[in-house]
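Asker: If you scroll down you'll find the structure; I have some questions about it.
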Amino acid sequence: MAKALGRGVVYFDTPVFIASSAAVAGKKEGAGPMGQCFDRVEQYSRFGQKTWEQAESRMQQETIWLALDKAGLTADSADLILAGDLINQCTSSTYSIRPFGIPFLGLFGACSTMAESLIIGSLFLSAGGGERAVCATSSHFSTAERQFRYPLSYGGQRPPTAQWTCTASGAAVLDTVTASSPKIEGACIGRVTDLGITDANNMGAAMAPAAADTLTRWFHATGTSPDNYDLIVTGDLGLYGGELFTQLMMKQGFDIKPCYRDCGVMMFDGETQDTHAGGSGCGCGGSLLCGHFLPLIRQQRIKRMLFMATGALMSPMLVQQGESIPGVAHIVEIASGEENYHA
Amino acid sequence: MEIKPELYKDMTEAVSPKSKSYVNIPMAFLIGGAICLLGECLLNLFEYMGLPKDEAGSWTSITLVFLSALLTGLGWYERIAKHAGAGTLVPITGFANGVSAPAIEAKTEGWILGVGAKIFTIAGPVILYGTAASVVYGICLVVVKFFTE
């Protein structure tokens with residue numbers, strides 16, 4: 001079962017293990033500094049499909065197959081699948097999951113979806129809802145540009161604070177039956193936080209307050225501090241959102257700089273890949289968690305980390321109506337080993 | 001401590017870099033100017049070929065629009081525009097790019113609800129307010145002429 005430590009903060013008494021994980025990415029992501037960590041890098045961003053939307057579904061589907069395959073499982077052995085993406089009606093996920101026949105919950109948390117899926121999956125399994133759950137997320141540069149910004153071949157200039165939506169997908173298989181490593185120990189569900197940022201080209205700044213709120217709540221509820229963790233990793237705050245996040249944490253009395261990383265900053269080489277403030281999208285944090293961080297925990301090179309996926313809950317329509325951009329961020333505490341640290 | 005939106009606005013402005021105007025404005029001048037120079041060359045060429053001045057002007061526009069649409073289709077226009085900014089936006093080539101880019105992209109949704117419905121998503125405001133402005137200008141001209149003649 002899960003034990004509540006505060007509003008939206010839980011520890012899992014029943015260990016939830018991450019049996020396997022997989023990550024697939026596009027060519028640009030594959031050419032970046034993290035290129036080696038992906039299970040597959042697709043050179044053609046259409047993934048052999050007719051439309052960009054089909055391409056994203058296909059990428060997510062391949063990632064789920066890979067994750068199941070690594071755990072030696074078939075789709076029949078999963079009790080639940082949790083997936084989400086950035087596209088209206090979560091179509092990238094629904095069409096990806098269509099052939100699997102696994103009970104499905106579609107999630108929307110903008111780029112916070114990977115953490116959201118891991119939290120709900122862990123709660124479901126620790127409550128005895130099943131033995132295995134699949135958590136997946138994806139984003140695709142071309143589908144996101146089409147939906148949120150301009151057509152791909154439109155000639156526009158991006159400001160320095162703009163981020164580049166990653167073509168990437170991550171999937172993890174949660175398991176409560178077979179003890180393995182890594183495992184999920186706790187979680188903190190974020191609050192919708194808005195400090196009035198209206199610039200859709202500065203999503204990092206829109207999300208940073210949500211990240212700071214969630215992490216502060218986590219530290220207070222659990223009585224921990226940055227020293228307790230090898231790493232604190234955010235999904236896609238980017239260069240400037242990450243800077244604001246560390247400043248906000250400092251104002252709360254926590255110096256996280258020594259152990260802080262951001263997947264958006266790690267994904268690309270800003271100098272040569274022209275990605276301005278860094279990568280973004282559900283697939284950014286999702287693919288680096290599944291392709292980079294979880295394997296490092298499995299190899300015992302990271303003992304304990306907080307993965308915090310950050311989402312800008314941006315709607316182009318609401319921004320046009322003059323609304324500001326709210327953010328949300330969720331934490332998942334992931335550790336190596338098979339014993340339960342908090343039990 | 002609680003962070004107020006006013007404080008956060010200041011923090012954000014201090015952290016977020018501005019676009020580099022000292023690079024962007026000269027680039028816009030150079031590339032935009034180059035497009036206009038190309039237009040002048042085409043105009044002279046068409047006149048040299050024996051076309052009357054107004055027809056030569058039309059052919060110049062048609063050629064520039066064609067080149068812009070072609071470069072958009074090949075995916076090169078956005079690469080130039082990334083550096084040129086307003087330099088590629090303001091001339092007629094920017095308008096052609098603004099029409100052809102959504103048209104190319106909407107093809108996957110079909111000819112009617114895709115291309116047909118979405119072709120003017122970017123250029124639509126220019127067409128609407130351009131037409132409206134010309135109507136207002138026309139009315140003003142009529143009124144002025146009425147009182148002066």
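Residues in the structure tokens are named by chain (A, B, ... in the order shown) and by number from 1 within that chain; ligands are numbered from 1 in the order shown.
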Using only C-alpha atoms, which residues sit within 12 Å of A:Ala206 once same-chain residues fewer than 3 positions away are excluded, as a PDB file with all heavy atoms, in the first residue's frame?
Answerer:
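The new file result07.pdb reads:
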ATOM      1  N   THR A 161      14.855  32.141 -25.753  1.00  0.00           N
ATOM      2  CA  THR A 161      14.244  31.354 -24.683  1.00  0.00           C
ATOM      3  C   THR A 161      13.384  30.209 -25.212  1.00  0.00           C
ATOM      4  O   THR A 161      12.884  29.396 -24.428  1.00  0.00           O
ATOM      5  CB  THR A 161      13.365  32.243 -23.787  1.00  0.00           C
ATOM      6  OG1 THR A 161      12.467  32.972 -24.626  1.00  0.00           O
ATOM      7  CG2 THR A 161      14.192  33.213 -22.967  1.00  0.00           C
ATOM      8  N   ALA A 162      13.183  30.135 -26.536  1.00  0.00           N
ATOM      9  CA  ALA A 162      12.342  29.067 -27.103  1.00  0.00           C
ATOM     10  C   ALA A 162      13.031  27.714 -26.926  1.00  0.00           C
ATOM     11  O   ALA A 162      14.257  27.636 -26.890  1.00  0.00           O
ATOM     12  CB  ALA A 162      12.087  29.337 -28.578  1.00  0.00           C
ATOM     13  N   VAL A 192      -1.199  22.870  -9.704  1.00  0.00           N
ATOM     14  CA  VAL A 192      -1.147  23.798 -10.837  1.00  0.00           C
ATOM     15  C   VAL A 192      -0.679  25.144 -10.299  1.00  0.00           C
ATOM     16  O   VAL A 192      -1.287  25.704  -9.395  1.00  0.00           O
ATOM     17  CB  VAL A 192      -2.516  23.917 -11.529  1.00  0.00           C
ATOM     18  CG1 VAL A 192      -2.468  24.985 -12.617  1.00  0.00           C
ATOM     19  CG2 VAL A 192      -2.929  22.583 -12.118  1.00  0.00           C
ATOM     20  N   THR A 193       0.450  25.598 -10.812  1.00  0.00           N
ATOM     21  CA  THR A 193       1.100  26.804 -10.288  1.00  0.00           C
ATOM     22  C   THR A 193       1.285  27.807 -11.421  1.00  0.00           C
ATOM     23  O   THR A 193       1.657  27.426 -12.535  1.00  0.00           O
ATOM     24  CB  THR A 193       2.485  26.429  -9.697  1.00  0.00           C
ATOM     25  OG1 THR A 193       2.294  25.327  -8.802  1.00  0.00           O
ATOM     26  CG2 THR A 193       3.108  27.578  -8.941  1.00  0.00           C
ATOM     27  N   ASP A 194       1.021  29.054 -11.129  1.00  0.00           N
ATOM     28  CA  ASP A 194       1.065  30.075 -12.182  1.00  0.00           C
ATOM     29  C   ASP A 194       1.561  31.383 -11.585  1.00  0.00           C
ATOM     30  O   ASP A 194       0.914  31.953 -10.712  1.00  0.00           O
ATOM     31  CB  ASP A 194      -0.351  30.242 -12.757  1.00  0.00           C
ATOM     32  CG  ASP A 194      -0.360  31.069 -14.036  1.00  0.00           C
ATOM     33  OD1 ASP A 194       0.593  31.830 -14.257  1.00  0.00           O
ATOM     34  OD2 ASP A 194      -1.325  30.936 -14.808  1.00  0.00           O
ATOM     35  N   LEU A 195       2.716  31.829 -12.051  1.00  0.00           N
ATOM     36  CA  LEU A 195       3.209  33.123 -11.568  1.00  0.00           C
ATOM     37  C   LEU A 195       3.128  34.178 -12.668  1.00  0.00           C
ATOM     38  O   LEU A 195       3.898  35.143 -12.685  1.00  0.00           O
ATOM     39  CB  LEU A 195       4.632  33.010 -11.014  1.00  0.00           C
ATOM     40  CG  LEU A 195       4.742  32.390  -9.612  1.00  0.00           C
ATOM     41  CD1 LEU A 195       6.174  32.397  -9.119  1.00  0.00           C
ATOM     42  CD2 LEU A 195       3.862  33.117  -8.595  1.00  0.00           C
ATOM     43  N   GLY A 196       2.205  33.968 -13.602  1.00  0.00           N
ATOM     44  CA  GLY A 196       1.852  35.038 -14.532  1.00  0.00           C
ATOM     45  C   GLY A 196       2.663  35.135 -15.800  1.00  0.00           C
ATOM     46  O   GLY A 196       2.615  36.152 -16.478  1.00  0.00           O
ATOM     47  N   ILE A 197       3.413  34.078 -16.167  1.00  0.00           N
ATOM     48  CA  ILE A 197       4.171  34.124 -17.431  1.00  0.00           C
ATOM     49  C   ILE A 197       3.194  33.968 -18.604  1.00  0.00           C
ATOM     50  O   ILE A 197       2.388  33.034 -18.634  1.00  0.00           O
ATOM     51  CB  ILE A 197       5.232  32.996 -17.469  1.00  0.00           C
ATOM     52  CG1 ILE A 197       6.272  33.187 -16.357  1.00  0.00           C
ATOM     53  CG2 ILE A 197       5.910  32.916 -18.843  1.00  0.00           C
ATOM     54  CD1 ILE A 197       7.167  34.400 -16.503  1.00  0.00           C
ATOM     55  N   THR A 198       3.256  34.883 -19.571  1.00  0.00           N
ATOM     56  CA  THR A 198       2.339  34.824 -20.719  1.00  0.00           C
ATOM     57  C   THR A 198       3.084  34.518 -22.024  1.00  0.00           C
ATOM     58  O   THR A 198       2.457  34.337 -23.060  1.00  0.00           O
ATOM     59  CB  THR A 198       1.606  36.170 -20.893  1.00  0.00           C
ATOM     60  OG1 THR A 198       2.583  37.213 -20.855  1.00  0.00           O
ATOM     61  CG2 THR A 198       0.583  36.397 -19.792  1.00  0.00           C
ATOM     62  N   ASP A 199       4.415  34.468 -21.964  1.00  0.00           N
ATOM     63  CA  ASP A 199       5.213  34.278 -23.173  1.00  0.00           C
ATOM     64  C   ASP A 199       5.311  32.789 -23.520  1.00  0.00           C
ATOM     65  O   ASP A 199       5.986  32.031 -22.830  1.00  0.00           O
ATOM     66  CB  ASP A 199       6.620  34.864 -22.927  1.00  0.00           C
ATOM     67  CG  ASP A 199       7.506  34.759 -24.149  1.00  0.00           C
ATOM     68  OD1 ASP A 199       7.030  34.277 -25.188  1.00  0.00           O
ATOM     69  OD2 ASP A 199       8.678  35.177 -24.057  1.00  0.00           O
ATOM     70  N   ALA A 200       4.628  32.404 -24.609  1.00  0.00           N
ATOM     71  CA  ALA A 200       4.634  30.991 -25.015  1.00  0.00           C
ATOM     72  C   ALA A 200       6.016  30.557 -25.517  1.00  0.00           C
ATOM     73  O   ALA A 200       6.233  29.363 -25.747  1.00  0.00           O
ATOM     74  CB  ALA A 200       3.587  30.744 -26.088  1.00  0.00           C
ATOM     75  N   ASN A 201       6.914  31.511 -25.700  1.00  0.00           N
ATOM     76  CA  ASN A 201       8.279  31.166 -26.091  1.00  0.00           C
ATOM     77  C   ASN A 201       9.210  31.106 -24.894  1.00  0.00           C
ATOM     78  O   ASN A 201      10.424  31.108 -25.051  1.00  0.00           O
ATOM     79  CB  ASN A 201       8.809  32.181 -27.104  1.00  0.00           C
ATOM     80  CG  ASN A 201       8.339  31.855 -28.501  1.00  0.00           C
ATOM     81  OD1 ASN A 201       8.438  30.705 -28.949  1.00  0.00           O
ATOM     82  ND2 ASN A 201       7.789  32.838 -29.175  1.00  0.00           N
ATOM     83  N   ASN A 202       8.653  31.099 -23.706  1.00  0.00           N
ATOM     84  CA  ASN A 202       9.481  30.967 -22.502  1.00  0.00           C
ATOM     85  C   ASN A 202       8.817  29.986 -21.530  1.00  0.00           C
ATOM     86  O   ASN A 202       8.446  30.331 -20.415  1.00  0.00           O
ATOM     87  CB  ASN A 202       9.695  32.343 -21.847  1.00  0.00           C
ATOM     88  CG  ASN A 202      10.893  32.341 -20.903  1.00  0.00           C
ATOM     89  OD1 ASN A 202      11.456  31.286 -20.617  1.00  0.00           O
ATOM     90  ND2 ASN A 202      11.264  33.506 -20.422  1.00  0.00           N
ATOM     91  N   MET A 203       8.681  28.756 -22.005  1.00  0.00           N
ATOM     92  CA  MET A 203       7.976  27.728 -21.233  1.00  0.00           C
ATOM     93  C   MET A 203       8.739  27.342 -19.971  1.00  0.00           C
ATOM     94  O   MET A 203       8.137  26.980 -18.967  1.00  0.00           O
ATOM     95  CB  MET A 203       7.794  26.475 -22.087  1.00  0.00           C
ATOM     96  CG  MET A 203       6.987  26.720 -23.318  1.00  0.00           C
ATOM     97  SD  MET A 203       5.276  26.904 -22.910  1.00  0.00           S
ATOM     98  CE  MET A 203       4.599  25.901 -24.198  1.00  0.00           C
ATOM     99  N   PRO A 209       8.159  27.725 -11.458  1.00  0.00           N
ATOM    100  CA  PRO A 209       7.482  27.857 -10.156  1.00  0.00           C
ATOM    101  C   PRO A 209       6.789  26.567  -9.714  1.00  0.00           C
ATOM    102  O   PRO A 209       6.785  26.241  -8.517  1.00  0.00           O
ATOM    103  CB  PRO A 209       6.452  28.970 -10.395  1.00  0.00           C
ATOM    104  CG  PRO A 209       6.980  29.748 -11.545  1.00  0.00           C
ATOM    105  CD  PRO A 209       7.683  28.756 -12.409  1.00  0.00           C
ATOM    106  N   ALA A 210       6.218  25.822 -10.676  1.00  0.00           N
ATOM    107  CA  ALA A 210       5.568  24.553 -10.334  1.00  0.00           C
ATOM    108  C   ALA A 210       6.596  23.560  -9.801  1.00  0.00           C
ATOM    109  O   ALA A 210       6.366  22.847  -8.816  1.00  0.00           O
ATOM    110  CB  ALA A 210       4.843  23.982 -11.547  1.00  0.00           C
ATOM    111  N   ALA A 211       7.765  23.527 -10.467  1.00  0.00           N
ATOM    112  CA  ALA A 211       8.826  22.616 -10.046  1.00  0.00           C
ATOM    113  C   ALA A 211       9.290  22.969  -8.633  1.00  0.00           C
ATOM    114  O   ALA A 211       9.461  22.082  -7.779  1.00  0.00           O
ATOM    115  CB  ALA A 211      10.003  22.696 -11.023  1.00  0.00           C
ATOM    116  N   ALA A 212       9.474  24.261  -8.374  1.00  0.00           N
ATOM    117  CA  ALA A 212       9.943  24.694  -7.055  1.00  0.00           C
ATOM    118  C   ALA A 212       8.895  24.377  -5.984  1.00  0.00           C
ATOM    119  O   ALA A 212       9.241  23.939  -4.876  1.00  0.00           O
ATOM    120  CB  ALA A 212      10.245  26.197  -7.084  1.00  0.00           C
ATOM    121  N   ASP A 236      12.075  19.215 -18.503  1.00  0.00           N
ATOM    122  CA  ASP A 236      12.418  20.101 -19.621  1.00  0.00           C
ATOM    123  C   ASP A 236      12.312  21.575 -19.248  1.00  0.00           C
ATOM    124  O   ASP A 236      11.686  22.351 -19.953  1.00  0.00           O
ATOM    125  CB  ASP A 236      11.557  19.796 -20.857  1.00  0.00           C
ATOM    126  CG  ASP A 236      10.063  19.920 -20.566  1.00  0.00           C
ATOM    127  OD1 ASP A 236       9.703  20.108 -19.394  1.00  0.00           O
ATOM    128  OD2 ASP A 236       9.261  19.832 -21.513  1.00  0.00           O
ATOM    129  N   LEU A 237      12.968  21.961 -18.157  1.00  0.00           N
ATOM    130  CA  LEU A 237      12.957  23.379 -17.801  1.00  0.00           C
ATOM    131  C   LEU A 237      13.872  24.188 -18.717  1.00  0.00           C
ATOM    132  O   LEU A 237      13.710  25.393 -18.866  1.00  0.00           O
ATOM    133  CB  LEU A 237      13.391  23.576 -16.339  1.00  0.00           C
ATOM    134  CG  LEU A 237      12.406  23.084 -15.277  1.00  0.00           C
ATOM    135  CD1 LEU A 237      12.941  23.360 -13.888  1.00  0.00           C
ATOM    136  CD2 LEU A 237      11.049  23.737 -15.441  1.00  0.00           C
ATOM    137  N   GLY A 238      14.822  23.529 -19.341  1.00  0.00           N
ATOM    138  CA  GLY A 238      15.732  24.229 -20.237  1.00  0.00           C
ATOM    139  C   GLY A 238      16.728  25.085 -19.466  1.00  0.00           C
ATOM    140  O   GLY A 238      16.758  25.080 -18.228  1.00  0.00           O
ATOM    141  N   TYR A 240      17.083  28.435 -19.080  1.00  0.00           N
ATOM    142  CA  TYR A 240      16.658  29.590 -18.289  1.00  0.00           C
ATOM    143  C   TYR A 240      15.620  29.185 -17.236  1.00  0.00           C
ATOM    144  O   TYR A 240      15.628  29.705 -16.124  1.00  0.00           O
ATOM    145  CB  TYR A 240      16.163  30.706 -19.222  1.00  0.00           C
ATOM    146  CG  TYR A 240      17.162  30.920 -20.342  1.00  0.00           C
ATOM    147  CD1 TYR A 240      16.849  30.616 -21.664  1.00  0.00           C
ATOM    148  CD2 TYR A 240      18.454  31.340 -20.046  1.00  0.00           C
ATOM    149  CE1 TYR A 240      17.796  30.743 -22.672  1.00  0.00           C
ATOM    150  CE2 TYR A 240      19.415  31.463 -21.039  1.00  0.00           C
ATOM    151  CZ  TYR A 240      19.077  31.160 -22.351  1.00  0.00           C
ATOM    152  OH  TYR A 240      20.021  31.271 -23.334  1.00  0.00           O
ATOM    153  N   GLY A 241      14.741  28.240 -17.581  1.00  0.00           N
ATOM    154  CA  GLY A 241      13.805  27.716 -16.589  1.00  0.00           C
ATOM    155  C   GLY A 241      14.552  27.031 -15.460  1.00  0.00           C
ATOM    156  O   GLY A 241      14.201  27.158 -14.287  1.00  0.00           O
ATOM    157  N   GLY A 242      15.623  26.304 -15.811  1.00  0.00           N
ATOM    158  CA  GLY A 242      16.430  25.613 -14.813  1.00  0.00           C
ATOM    159  C   GLY A 242      17.110  26.595 -13.875  1.00  0.00           C
ATOM    160  O   GLY A 242      17.169  26.388 -12.661  1.00  0.00           O
ATOM    161  N   LEU A 244      16.031  29.641 -13.191  1.00  0.00           N
ATOM    162  CA  LEU A 244      14.977  30.210 -12.336  1.00  0.00           C
ATOM    163  C   LEU A 244      14.585  29.225 -11.232  1.00  0.00           C
ATOM    164  O   LEU A 244      14.353  29.606 -10.087  1.00  0.00           O
ATOM    165  CB  LEU A 244      13.748  30.563 -13.175  1.00  0.00           C
ATOM    166  CG  LEU A 244      13.883  31.831 -14.022  1.00  0.00           C
ATOM    167  CD1 LEU A 244      12.808  31.903 -15.091  1.00  0.00           C
ATOM    168  CD2 LEU A 244      13.809  33.056 -13.118  1.00  0.00           C
ATOM    169  N   PHE A 245      14.526  27.957 -11.596  1.00  0.00           N
ATOM    170  CA  PHE A 245      14.164  26.904 -10.630  1.00  0.00           C
ATOM    171  C   PHE A 245      15.170  26.851  -9.479  1.00  0.00           C
ATOM    172  O   PHE A 245      14.793  26.843  -8.299  1.00  0.00           O
ATOM    173  CB  PHE A 245      14.091  25.570 -11.382  1.00  0.00           C
ATOM    174  CG  PHE A 245      13.926  24.362 -10.507  1.00  0.00           C
ATOM    175  CD1 PHE A 245      12.919  24.293  -9.551  1.00  0.00           C
ATOM    176  CD2 PHE A 245      14.777  23.268 -10.657  1.00  0.00           C
ATOM    177  CE1 PHE A 245      12.770  23.164  -8.749  1.00  0.00           C
ATOM    178  CE2 PHE A 245      14.627  22.144  -9.860  1.00  0.00           C
ATOM    179  CZ  PHE A 245      13.630  22.097  -8.902  1.00  0.00           C
ATOM    180  N   THR A 310       8.206  18.115 -15.706  1.00  0.00           N
ATOM    181  CA  THR A 310       7.578  19.424 -15.593  1.00  0.00           C
ATOM    182  C   THR A 310       6.718  19.686 -16.820  1.00  0.00           C
ATOM    183  O   THR A 310       7.150  19.441 -17.950  1.00  0.00           O
ATOM    184  CB  THR A 310       8.668  20.506 -15.525  1.00  0.00           C
ATOM    185  OG1 THR A 310       9.687  20.176 -16.468  1.00  0.00           O
ATOM    186  CG2 THR A 310       9.284  20.577 -14.144  1.00  0.00           C
ATOM    187  N   GLY A 311       5.519  20.181 -16.615  1.00  0.00           N
ATOM    188  CA  GLY A 311       4.623  20.426 -17.745  1.00  0.00           C
ATOM    189  C   GLY A 311       4.120  21.857 -17.782  1.00  0.00           C
ATOM    190  O   GLY A 311       3.695  22.399 -16.767  1.00  0.00           O
ATOM    191  N   ALA A 312       4.199  22.484 -18.971  1.00  0.00           N
ATOM    192  CA  ALA A 312       3.557  23.795 -19.167  1.00  0.00           C
ATOM    193  C   ALA A 312       2.181  23.513 -19.738  1.00  0.00           C
ATOM    194  O   ALA A 312       2.056  22.973 -20.836  1.00  0.00           O
ATOM    195  CB  ALA A 312       4.375  24.650 -20.122  1.00  0.00           C
ATOM    196  N   LEU A 313       1.151  23.840 -18.968  1.00  0.00           N
ATOM    197  CA  LEU A 313      -0.215  23.497 -19.380  1.00  0.00           C
ATOM    198  C   LEU A 313      -0.723  24.576 -20.333  1.00  0.00           C
ATOM    199  O   LEU A 313      -1.672  25.295 -20.051  1.00  0.00           O
ATOM    200  CB  LEU A 313      -1.103  23.357 -18.144  1.00  0.00           C
ATOM    201  CG  LEU A 313      -0.547  22.354 -17.110  1.00  0.00           C
ATOM    202  CD1 LEU A 313      -1.292  22.447 -15.805  1.00  0.00           C
ATOM    203  CD2 LEU A 313      -0.597  20.935 -17.658  1.00  0.00           C
ATOM    204  N   MET A 314      -0.073  24.631 -21.492  1.00  0.00           N
ATOM    205  CA  MET A 314      -0.294  25.730 -22.426  1.00  0.00           C
ATOM    206  C   MET A 314      -1.343  25.374 -23.471  1.00  0.00           C
ATOM    207  O   MET A 314      -1.268  24.324 -24.077  1.00  0.00           O
ATOM    208  CB  MET A 314       1.035  26.051 -23.116  1.00  0.00           C
ATOM    209  CG  MET A 314       1.124  27.427 -23.703  1.00  0.00           C
ATOM    210  SD  MET A 314       0.539  27.556 -25.388  1.00  0.00           S
ATOM    211  CE  MET A 314       1.924  26.907 -26.292  1.00  0.00           C
ATOM    212  N   SER A 324      -2.431  33.641 -18.673  1.00  0.00           N
ATOM    213  CA  SER A 324      -1.044  33.236 -18.467  1.00  0.00           C
ATOM    214  C   SER A 324      -0.940  31.708 -18.558  1.00  0.00           C
ATOM    215  O   SER A 324      -1.952  31.022 -18.672  1.00  0.00           O
ATOM    216  CB  SER A 324      -0.555  33.737 -17.113  1.00  0.00           C
ATOM    217  OG  SER A 324      -1.448  33.347 -16.113  1.00  0.00           O
ATOM    218  N   ILE A 325       0.305  31.210 -18.494  1.00  0.00           N
ATOM    219  CA  ILE A 325       0.539  29.769 -18.712  1.00  0.00           C
ATOM    220  C   ILE A 325       0.805  29.073 -17.377  1.00  0.00           C
ATOM    221  O   ILE A 325       1.841  29.311 -16.752  1.00  0.00           O
ATOM    222  CB  ILE A 325       1.738  29.561 -19.667  1.00  0.00           C
ATOM    223  CG1 ILE A 325       1.493  30.316 -20.979  1.00  0.00           C
ATOM    224  CG2 ILE A 325       1.971  28.079 -19.927  1.00  0.00           C
ATOM    225  CD1 ILE A 325       2.736  30.468 -21.835  1.00  0.00           C
ATOM    226  N   PRO A 326      -0.106  28.221 -16.922  1.00  0.00           N
ATOM    227  CA  PRO A 326       0.143  27.501 -15.676  1.00  0.00           C
ATOM    228  C   PRO A 326       1.105  26.332 -15.904  1.00  0.00           C
ATOM    229  O   PRO A 326       1.227  25.836 -17.019  1.00  0.00           O
ATOM    230  CB  PRO A 326      -1.240  26.967 -15.270  1.00  0.00           C
ATOM    231  CG  PRO A 326      -2.165  27.300 -16.387  1.00  0.00           C
ATOM    232  CD  PRO A 326      -1.386  27.829 -17.532  1.00  0.00           C
ATOM    233  N   GLY A 327       1.755  25.918 -14.845  1.00  0.00           N
ATOM    234  CA  GLY A 327       2.654  24.780 -14.938  1.00  0.00           C
ATOM    235  C   GLY A 327       2.307  23.748 -13.879  1.00  0.00           C
ATOM    236  O   GLY A 327       1.590  24.037 -12.908  1.00  0.00           O
ATOM    237  N   VAL A 328       2.797  22.533 -14.074  1.00  0.00           N
ATOM    238  CA  VAL A 328       2.621  21.490 -13.070  1.00  0.00           C
ATOM    239  C   VAL A 328       3.860  20.606 -13.097  1.00  0.00           C
ATOM    240  O   VAL A 328       4.505  20.484 -14.140  1.00  0.00           O
ATOM    241  CB  VAL A 328       1.316  20.682 -13.327  1.00  0.00           C
ATOM    242  CG1 VAL A 328       1.443  19.795 -14.554  1.00  0.00           C
ATOM    243  CG2 VAL A 328       0.904  19.877 -12.106  1.00  0.00           C
ATOM    244  N   ALA A 329       4.225  20.050 -11.955  1.00  0.00           N
ATOM    245  CA  ALA A 329       5.398  19.179 -11.893  1.00  0.00           C
ATOM    246  C   ALA A 329       5.151  18.091 -10.859  1.00  0.00           C
ATOM    247  O   ALA A 329       4.611  18.367  -9.788  1.00  0.00           O
ATOM    248  CB  ALA A 329       6.632  19.987 -11.513  1.00  0.00           C
TER     249      ALA A 329
ATOM    250  N   PRO B   5       4.069  37.284  -8.148  1.00  0.00           N
ATOM    251  CA  PRO B   5       4.263  37.384  -9.599  1.00  0.00           C
ATOM    252  C   PRO B   5       5.147  38.561 -10.011  1.00  0.00           C
ATOM    253  O   PRO B   5       5.928  38.444 -10.957  1.00  0.00           O
ATOM    254  CB  PRO B   5       2.836  37.568 -10.131  1.00  0.00           C
ATOM    255  CG  PRO B   5       1.966  36.911  -9.115  1.00  0.00           C
ATOM    256  CD  PRO B   5       2.648  37.140  -7.791  1.00  0.00           C
ATOM    257  N   TYR B   8       8.693  37.551  -9.491  1.00  0.00           N
ATOM    258  CA  TYR B   8       9.058  36.503 -10.442  1.00  0.00           C
ATOM    259  C   TYR B   8       9.266  37.087 -11.842  1.00  0.00           C
ATOM    260  O   TYR B   8      10.131  36.634 -12.587  1.00  0.00           O
ATOM    261  CB  TYR B   8       7.994  35.400 -10.460  1.00  0.00           C
ATOM    262  CG  TYR B   8       8.450  34.202 -11.260  1.00  0.00           C
ATOM    263  CD1 TYR B   8       9.586  33.501 -10.879  1.00  0.00           C
ATOM    264  CD2 TYR B   8       7.780  33.812 -12.409  1.00  0.00           C
ATOM    265  CE1 TYR B   8      10.040  32.426 -11.621  1.00  0.00           C
ATOM    266  CE2 TYR B   8       8.227  32.735 -13.160  1.00  0.00           C
ATOM    267  CZ  TYR B   8       9.350  32.038 -12.758  1.00  0.00           C
ATOM    268  OH  TYR B   8       9.799  30.978 -13.498  1.00  0.00           O
ATOM    269  N   LYS B   9       8.460  38.096 -12.182  1.00  0.00           N
ATOM    270  CA  LYS B   9       8.607  38.758 -13.481  1.00  0.00           C
ATOM    271  C   LYS B   9      10.016  39.359 -13.587  1.00  0.00           C
ATOM    272  O   LYS B   9      10.685  39.197 -14.613  1.00  0.00           O
ATOM    273  CB  LYS B   9       7.547  39.849 -13.610  1.00  0.00           C
ATOM    274  CG  LYS B   9       7.428  40.437 -14.982  1.00  0.00           C
ATOM    275  CD  LYS B   9       6.191  41.332 -15.100  1.00  0.00           C
ATOM    276  CE  LYS B   9       6.177  42.020 -16.453  1.00  0.00           C
ATOM    277  NZ  LYS B   9       6.384  43.459 -16.362  1.00  0.00           N
ATOM    278  N   THR B  12      12.543  36.580 -13.973  1.00  0.00           N
ATOM    279  CA  THR B  12      12.510  36.010 -15.326  1.00  0.00           C
ATOM    280  C   THR B  12      13.215  36.931 -16.309  1.00  0.00           C
ATOM    281  O   THR B  12      14.002  36.480 -17.151  1.00  0.00           O
ATOM    282  CB  THR B  12      11.050  35.786 -15.764  1.00  0.00           C
ATOM    283  OG1 THR B  12      10.409  34.973 -14.792  1.00  0.00           O
ATOM    284  CG2 THR B  12      10.979  35.089 -17.117  1.00  0.00           C
ATOM    285  N   SER B  16      16.297  35.662 -18.596  1.00  0.00           N
ATOM    286  CA  SER B  16      16.025  35.352 -20.005  1.00  0.00           C
ATOM    287  C   SER B  16      16.749  36.323 -20.931  1.00  0.00           C
ATOM    288  O   SER B  16      16.526  37.529 -20.848  1.00  0.00           O
ATOM    289  CB  SER B  16      14.524  35.425 -20.273  1.00  0.00           C
ATOM    290  OG  SER B  16      13.827  34.671 -19.310  1.00  0.00           O
TER     291      SER B  16
END
Asker: Specify as a VMD selection string all residues of chain B found within 8 Å of chain A, counting only C-alpha atoms.
Answerer: chain B and resid 1 4 to 5 8 to 9 11 to 12 15 to 19 72 to 73 75 77 to 83 85 88 to 89 94 97 to 98 101 to 102 105 108
Asker: Quick one: pick out all strand (DSSP E) residues within stretch 70-317 of chain A from a backbone DSSP run and write them as a PyMOL selection string.
Answerer: chain A and resi 80-84+104-107+132-139+164-165+168-175+183-188+231-234+260-262+279-280+304-312
Asker: Using only C-alpha atoms, which protein or nucleic acid residues come within 10 Å of B:Gly124? Drop anything in the same chain fewer than 6 positions from it, and give the result as a list in words.
Answerer: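 Skipping anything fewer than 6 positions along the chain leaves Gly98, Val99, Lys118 and Gly130 of chain B.
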Asker: When DSSP works through the backbone of this structure, what residues of stretch 24-81 of chain A end up as alpha helix (DSSP H), shown as a PyMOL selection string?
Answerer: chain A and resi 27-30+52-70
Asker: When you look at stretch 86-96 of chain A with a cut-off of 6 Å (counting only C-alpha atoms), what residues show up, excluding the ones that are within fewer than 5 positions of it in the same chain? I need them as a list in words.
Answerer: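 Within the cut-off, the hits are Glu56, Ser57, Gln61 and Ala110 of chain A.
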Asker: Please produce a file of the residues just selected, as a short mmCIF file (atom, residue, chain, number, x, y, z; two decimals), in the first residue's frame, where the atoms kept are C-alpha atoms.
Answerer:
data_model
loop_
_atom_site.label_atom_id
_atom_site.label_comp_id
_atom_site.auth_asym_id
_atom_site.auth_seq_id
_atom_site.Cartn_x
_atom_site.Cartn_y
_atom_site.Cartn_z
CA GLU A 56 4.50 9.71 -33.28
CA SER A 57 2.10 6.83 -32.53
CA GLN A 61 4.32 1.82 -30.00
CA ALA A 110 1.70 18.25 -20.83
#
